[in-house]
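Trainee: Next up is a structure, given as structure tokens.
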Amino acid sequence: MSPYSELAKKLSAQLSLYDAQEAESLVSWLLERHLGLRKVDMMHFLEEKNLPQKLWEDMARLKTGEPIQYILGKGPFYGREFFVSPATLIPRNETEELVHLIIKENRNAGLKILDIGTGTGCIPISLALEMNNPEVYGVDISEEALQIAEKNGVALAAKVTFSTCDILTQVPEVAELDILVSNPPYIPEQQRSEMHKNVLDFEPELALFVSNEDPLIFYKRISEIGKQLLKPNGKLYFEINENYGNDVASLMQDLGYSEVRVLKDLNEKERMVAGRR
Ligand SMILES: C[S@@+](CC[C@H](N)C(=O)[O-])C[C@H]1O[C@@H](n2cnc3c(N)ncnc32)[C@H](O)[C@@H]1O
């Protein structure tokens with residue numbers, strides 16, 4: 001066994017929260033971060049006594065279940081690296097699928113787009129960079145999240161205008177939209193017990209939870225706002241909790257949206273709803 005494999009195995013055995021393969025890839029990320037080397041370059045000359053102190057500190061954080069993205073301060077989304085912080089949700093694969101759907105279905109130039117609950121800004125920044133010269137806006141209630149979104153916009157050279165807005169009490173000042181998109185908080189408090197410790201202990205509550213009494217509060221409010229802010233025929237796209245596809249679709253239909261579709265993700269779970277004003 002090469003010194004790299006031996007060391008990687010030894011370190012990953014300390015991460016008992018994760019299965020063996022996942023633990024090994026987390027350790028590779030840390031080695032690469034702290035030694036500035038790729039796995040193939042490290043094969044021959046690694047020794048435990050040469051590892052930097054910071055790597056051991058990060059190992060200690062991994063052992064608590066803290067997601068690697070928070071430890072490294074960034075995570076991948078739609079082919080790019082986004083800064084994350086404890087104030088932002090870590091971008092998810094399902095959300096990449098939502099972004100992909102929007103890009104695929106909207107090829108015209110100059111579309112005006114608003115993302116509500118923008119977090120790291122991963123949705124509007126990806127749309128700004130992948131679509132044909134759109135005009136893109138993002139809002140969030142969290143100032144700290146917006147600072148990260150701004151930082152991502154600058155680092156990735158994306159033109160997105162970010163601003164603060166509590167969507168439950170305010171209406172964003174952006175009218176005549178072609179596309180309104182949102183991945184709002186959608187986990188009812190009662191589902192806390194089913195959730196993984198590394199989400200519960202580390203990701204921001206504000207980004208995740210809604211009350212058991214009114215789990216669709218964001219969908220109702222954003223659909224209503226969409227009736228004001230979207231152009232006639234403008235499109236509304238949501239990421240949803242897999243349990244609420246039909247409920248979100250019917251509340252959109254009740255408000256007069258047409259062509260309402262519930263769409264599945266790659267894991268065959270109902271994860272997106274789209275409709276036209
Ligand atoms: C599920 S996260 C989505 C983050 C990001 N769009 C993504 O897909 O990774 C929901 C976001 O909504 C924001 N949020 C929560 N309550 C809000 C409110 N009342 N008004 C505006 N944004 C809100 C949270 O701060 C969080 O960034």
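Residues in the structure tokens are numbered from 1 in each chain, the chains being A, B, ... in the order shown, and ligands are numbered from 1 in the order shown.
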Please return as a PyMOL selection string the residues found within 8 Å of ligand 1, counting only C-alpha atoms and all ligand atoms.

Mentor: chain A and resi 87-92+95+115-123+139-142+145+164-169+182-186+204+206-208+218

Trainee: Can I get the selected residues back with C-alpha atoms, as a PDB file, in the first residue's frame?

Mentor:
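The resulting again_26.pdb:
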ATOM      1  CA  ALA A  87     -25.643  31.641   7.148  1.00  0.00           C
ATOM      2  CA  THR A  88     -26.201  29.888   3.823  1.00  0.00           C
ATOM      3  CA  LEU A  89     -27.616  26.560   2.831  1.00  0.00           C
ATOM      4  CA  ILE A  90     -25.135  24.298   1.047  1.00  0.00           C
ATOM      5  CA  PRO A  91     -26.280  24.173  -2.600  1.00  0.00           C
ATOM      6  CA  ARG A  92     -27.915  20.841  -3.455  1.00  0.00           C
ATOM      7  CA  THR A  95     -31.383  22.698  -7.182  1.00  0.00           C
ATOM      8  CA  ASP A 115     -34.783  34.428  -7.409  1.00  0.00           C
ATOM      9  CA  ILE A 116     -36.462  34.549  -3.982  1.00  0.00           C
ATOM     10  CA  GLY A 117     -34.510  33.144  -0.984  1.00  0.00           C
ATOM     11  CA  THR A 118     -31.224  33.252  -2.810  1.00  0.00           C
ATOM     12  CA  GLY A 119     -28.792  31.996  -0.116  1.00  0.00           C
ATOM     13  CA  THR A 120     -25.347  31.677  -1.735  1.00  0.00           C
ATOM     14  CA  GLY A 121     -26.817  33.141  -4.943  1.00  0.00           C
ATOM     15  CA  CYS A 122     -26.200  29.811  -6.667  1.00  0.00           C
ATOM     16  CA  ILE A 123     -29.452  29.977  -8.679  1.00  0.00           C
ATOM     17  CA  VAL A 139     -33.425  38.580  -2.690  1.00  0.00           C
ATOM     18  CA  ASP A 140     -33.093  37.066   0.765  1.00  0.00           C
ATOM     19  CA  ILE A 141     -34.109  37.988   4.295  1.00  0.00           C
ATOM     20  CA  SER A 142     -30.620  37.205   5.616  1.00  0.00           C
ATOM     21  CA  ALA A 145     -26.395  35.221   3.240  1.00  0.00           C
ATOM     22  CA  THR A 164     -32.743  42.348   1.224  1.00  0.00           C
ATOM     23  CA  CYS A 165     -36.418  41.422   1.349  1.00  0.00           C
ATOM     24  CA  ASP A 166     -38.649  39.563   3.786  1.00  0.00           C
ATOM     25  CA  ILE A 167     -40.880  37.924   1.242  1.00  0.00           C
ATOM     26  CA  LEU A 168     -43.621  37.195   3.770  1.00  0.00           C
ATOM     27  CA  THR A 169     -44.175  40.894   4.508  1.00  0.00           C
ATOM     28  CA  SER A 182     -37.600  30.056  -5.673  1.00  0.00           C
ATOM     29  CA  ASN A 183     -36.241  27.267  -3.519  1.00  0.00           C
ATOM     30  CA  PRO A 184     -37.850  28.486  -0.290  1.00  0.00           C
ATOM     31  CA  PRO A 185     -37.723  26.917   3.190  1.00  0.00           C
ATOM     32  CA  TYR A 186     -39.995  23.844   2.996  1.00  0.00           C
ATOM     33  CA  PRO A 204     -29.249  27.594   9.058  1.00  0.00           C
ATOM     34  CA  LEU A 206     -34.009  30.031   8.588  1.00  0.00           C
ATOM     35  CA  ALA A 207     -33.200  28.318   5.293  1.00  0.00           C
ATOM     36  CA  LEU A 208     -34.845  25.012   6.167  1.00  0.00           C
ATOM     37  CA  PHE A 218     -43.796  30.474   1.085  1.00  0.00           C
TER      38      PHE A 218
END

Trainee: Can you list, as a list of chain:residue names, every protein, DNA or RNA residue that comes within 9 Å of segment 241-249 of chain A when you count only C-alpha atoms, leaving out same-chain residues fewer than 6 positions away?

Mentor: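 Here the answer would be A:Tyr186, A:Ile187, A:Leu216, A:Tyr219, A:Lys220, A:Val260, A:Arg261, A:Val262, A:Leu263, A:Lys264, A:Lys269, A:Glu270, A:Arg271, A:Met272, A:Val273, A:Ala274, A:Gly275.
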
Trainee: Interatomic distance between atom CA of His100 of chain A and atom CA of Ile113 of chain A?

Mentor: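 Between atom CA of His100 of chain A and atom CA of Ile113 of chain A the gap works out to 14.7 Å.
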
Trainee: So how far away is atom CA of Met131 of chain A from atom CA of Leu72 of chain A, in Å?

Mentor: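 Distance between the two atoms: 28.8 Å.
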
Trainee: Running DSSP on the backbone, which parts of segment 1-223 of chain A land in strand (DSSP E), as a PyMOL selection string?

Mentor: chain A and resi 74-77+80-83+112-116+135-140+160-164+177-182+187-188+209-210

Trainee: Kindly export the residues of the current selection with N, CA and C atoms, as a tab-separated table (two decimals), in the first residue's frame.

Mentor:
chain	number	residue	atom	x	y	z
A	74	LYS	N	-16.45	26.47	0.82
A	74	LYS	CA	-17.07	26.49	-0.50
A	74	LYS	C	-17.56	25.11	-0.92
A	75	GLY	N	-18.42	25.13	-1.93
A	75	GLY	CA	-18.96	23.87	-2.43
A	75	GLY	C	-19.34	24.02	-3.89
A	76	PRO	N	-19.42	22.89	-4.61
A	76	PRO	CA	-19.71	22.95	-6.04
A	76	PRO	C	-21.18	23.14	-6.36
A	77	PHE	N	-21.48	23.84	-7.45
A	77	PHE	CA	-22.85	23.96	-7.94
A	77	PHE	C	-22.81	24.26	-9.43
A	80	ARG	N	-19.48	25.15	-10.97
A	80	ARG	CA	-18.65	26.21	-10.40
A	80	ARG	C	-18.54	26.03	-8.89
A	81	GLU	N	-17.55	26.71	-8.29
A	81	GLU	CA	-17.39	26.66	-6.84
A	81	GLU	C	-18.05	27.90	-6.24
A	82	PHE	N	-18.89	27.69	-5.23
A	82	PHE	CA	-19.56	28.81	-4.54
A	82	PHE	C	-19.10	28.90	-3.09
A	83	PHE	N	-18.80	30.13	-2.64
A	83	PHE	CA	-18.53	30.32	-1.22
A	83	PHE	C	-19.80	29.99	-0.44
A	112	LYS	N	-35.93	38.73	-17.94
A	112	LYS	CA	-35.79	39.34	-16.62
A	112	LYS	C	-36.20	38.31	-15.56
A	113	ILE	N	-35.30	38.07	-14.61
A	113	ILE	CA	-35.45	36.92	-13.70
A	113	ILE	C	-35.25	37.35	-12.25
A	114	LEU	N	-36.11	36.85	-11.35
A	114	LEU	CA	-35.92	37.09	-9.91
A	114	LEU	C	-35.88	35.76	-9.18
A	115	ASP	N	-34.87	35.60	-8.28
A	115	ASP	CA	-34.78	34.43	-7.41
A	115	ASP	C	-35.10	34.86	-5.98
A	116	ILE	N	-36.06	34.19	-5.35
A	116	ILE	CA	-36.46	34.55	-3.98
A	116	ILE	C	-35.89	33.53	-3.00
A	135	GLU	N	-31.39	39.61	-17.35
A	135	GLU	CA	-31.27	40.65	-16.30
A	135	GLU	C	-31.72	39.96	-15.02
A	136	VAL	N	-30.80	39.77	-14.05
A	136	VAL	CA	-31.08	38.85	-12.96
A	136	VAL	C	-31.02	39.53	-11.59
A	137	TYR	N	-32.01	39.17	-10.73
A	137	TYR	CA	-32.09	39.72	-9.38
A	137	TYR	C	-32.21	38.58	-8.37
A	138	GLY	N	-31.71	38.83	-7.15
A	138	GLY	CA	-31.86	37.84	-6.09
A	138	GLY	C	-32.17	38.54	-4.78
A	139	VAL	N	-33.12	37.99	-4.00
A	139	VAL	CA	-33.42	38.58	-2.69
A	139	VAL	C	-33.37	37.50	-1.61
A	140	ASP	N	-33.09	37.96	-0.39
A	140	ASP	CA	-33.09	37.07	0.76
A	140	ASP	C	-33.37	37.91	1.99
A	160	VAL	N	-25.51	40.12	-11.18
A	160	VAL	CA	-26.78	39.87	-10.48
A	160	VAL	C	-26.95	40.98	-9.45
A	161	THR	N	-28.17	41.53	-9.35
A	161	THR	CA	-28.44	42.56	-8.34
A	161	THR	C	-29.10	41.91	-7.14
A	162	PHE	N	-28.42	41.97	-5.98
A	162	PHE	CA	-28.97	41.34	-4.77
A	162	PHE	C	-29.53	42.40	-3.85
A	163	SER	N	-30.64	42.08	-3.16
A	163	SER	CA	-31.14	43.00	-2.14
A	163	SER	C	-31.89	42.25	-1.05
A	164	THR	N	-32.06	42.94	0.07
A	164	THR	CA	-32.74	42.35	1.22
A	164	THR	C	-34.25	42.44	1.04
A	177	LEU	N	-41.50	40.68	-14.77
A	177	LEU	CA	-40.56	39.55	-14.83
A	177	LEU	C	-40.96	38.54	-15.89
A	178	ASP	N	-39.96	37.94	-16.51
A	178	ASP	CA	-40.22	36.78	-17.38
A	178	ASP	C	-40.21	35.49	-16.57
A	179	ILE	N	-39.35	35.45	-15.54
A	179	ILE	CA	-39.20	34.23	-14.74
A	179	ILE	C	-39.06	34.58	-13.27
A	180	LEU	N	-39.87	33.89	-12.45
A	180	LEU	CA	-39.72	33.99	-11.00
A	180	LEU	C	-39.35	32.59	-10.52
A	181	VAL	N	-38.28	32.49	-9.73
A	181	VAL	CA	-37.83	31.18	-9.28
A	181	VAL	C	-37.61	31.23	-7.78
A	182	SER	N	-37.90	30.11	-7.10
A	182	SER	CA	-37.60	30.06	-5.67
A	182	SER	C	-37.41	28.63	-5.19
A	187	ILE	N	-39.26	22.56	4.94
A	187	ILE	CA	-39.32	21.35	5.78
A	187	ILE	C	-40.17	21.64	7.02
A	188	PRO	N	-41.30	20.93	7.17
A	188	PRO	CA	-42.12	21.16	8.37
A	188	PRO	C	-41.33	20.75	9.62
A	209	PHE	N	-36.66	25.47	7.73
A	209	PHE	CA	-37.92	25.05	8.36
A	209	PHE	C	-39.09	26.00	8.17
A	210	VAL	N	-40.28	25.36	8.14
A	210	VAL	CA	-41.54	26.10	8.17
A	210	VAL	C	-42.41	25.45	9.25

Trainee: Step one, run DSSP on the backbone; step two, keep only residues of segment 123-240 of chain A assigned to helix (DSSP H, G or I); then write them as a ChimeraX atom specification.

Mentor: /A:123-130,143-155,189-194,197-200,205-208,217-229

Trainee: Of the candidates A:Gln228, A:Arg277, A:Gly153, A:Tyr237, which one gets nearest to Val99 of chain A if we count only C-alpha atoms?

Mentor: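 Looking only at the distances to Val99 of chain A, the closest residue turns out to be A:Tyr237.
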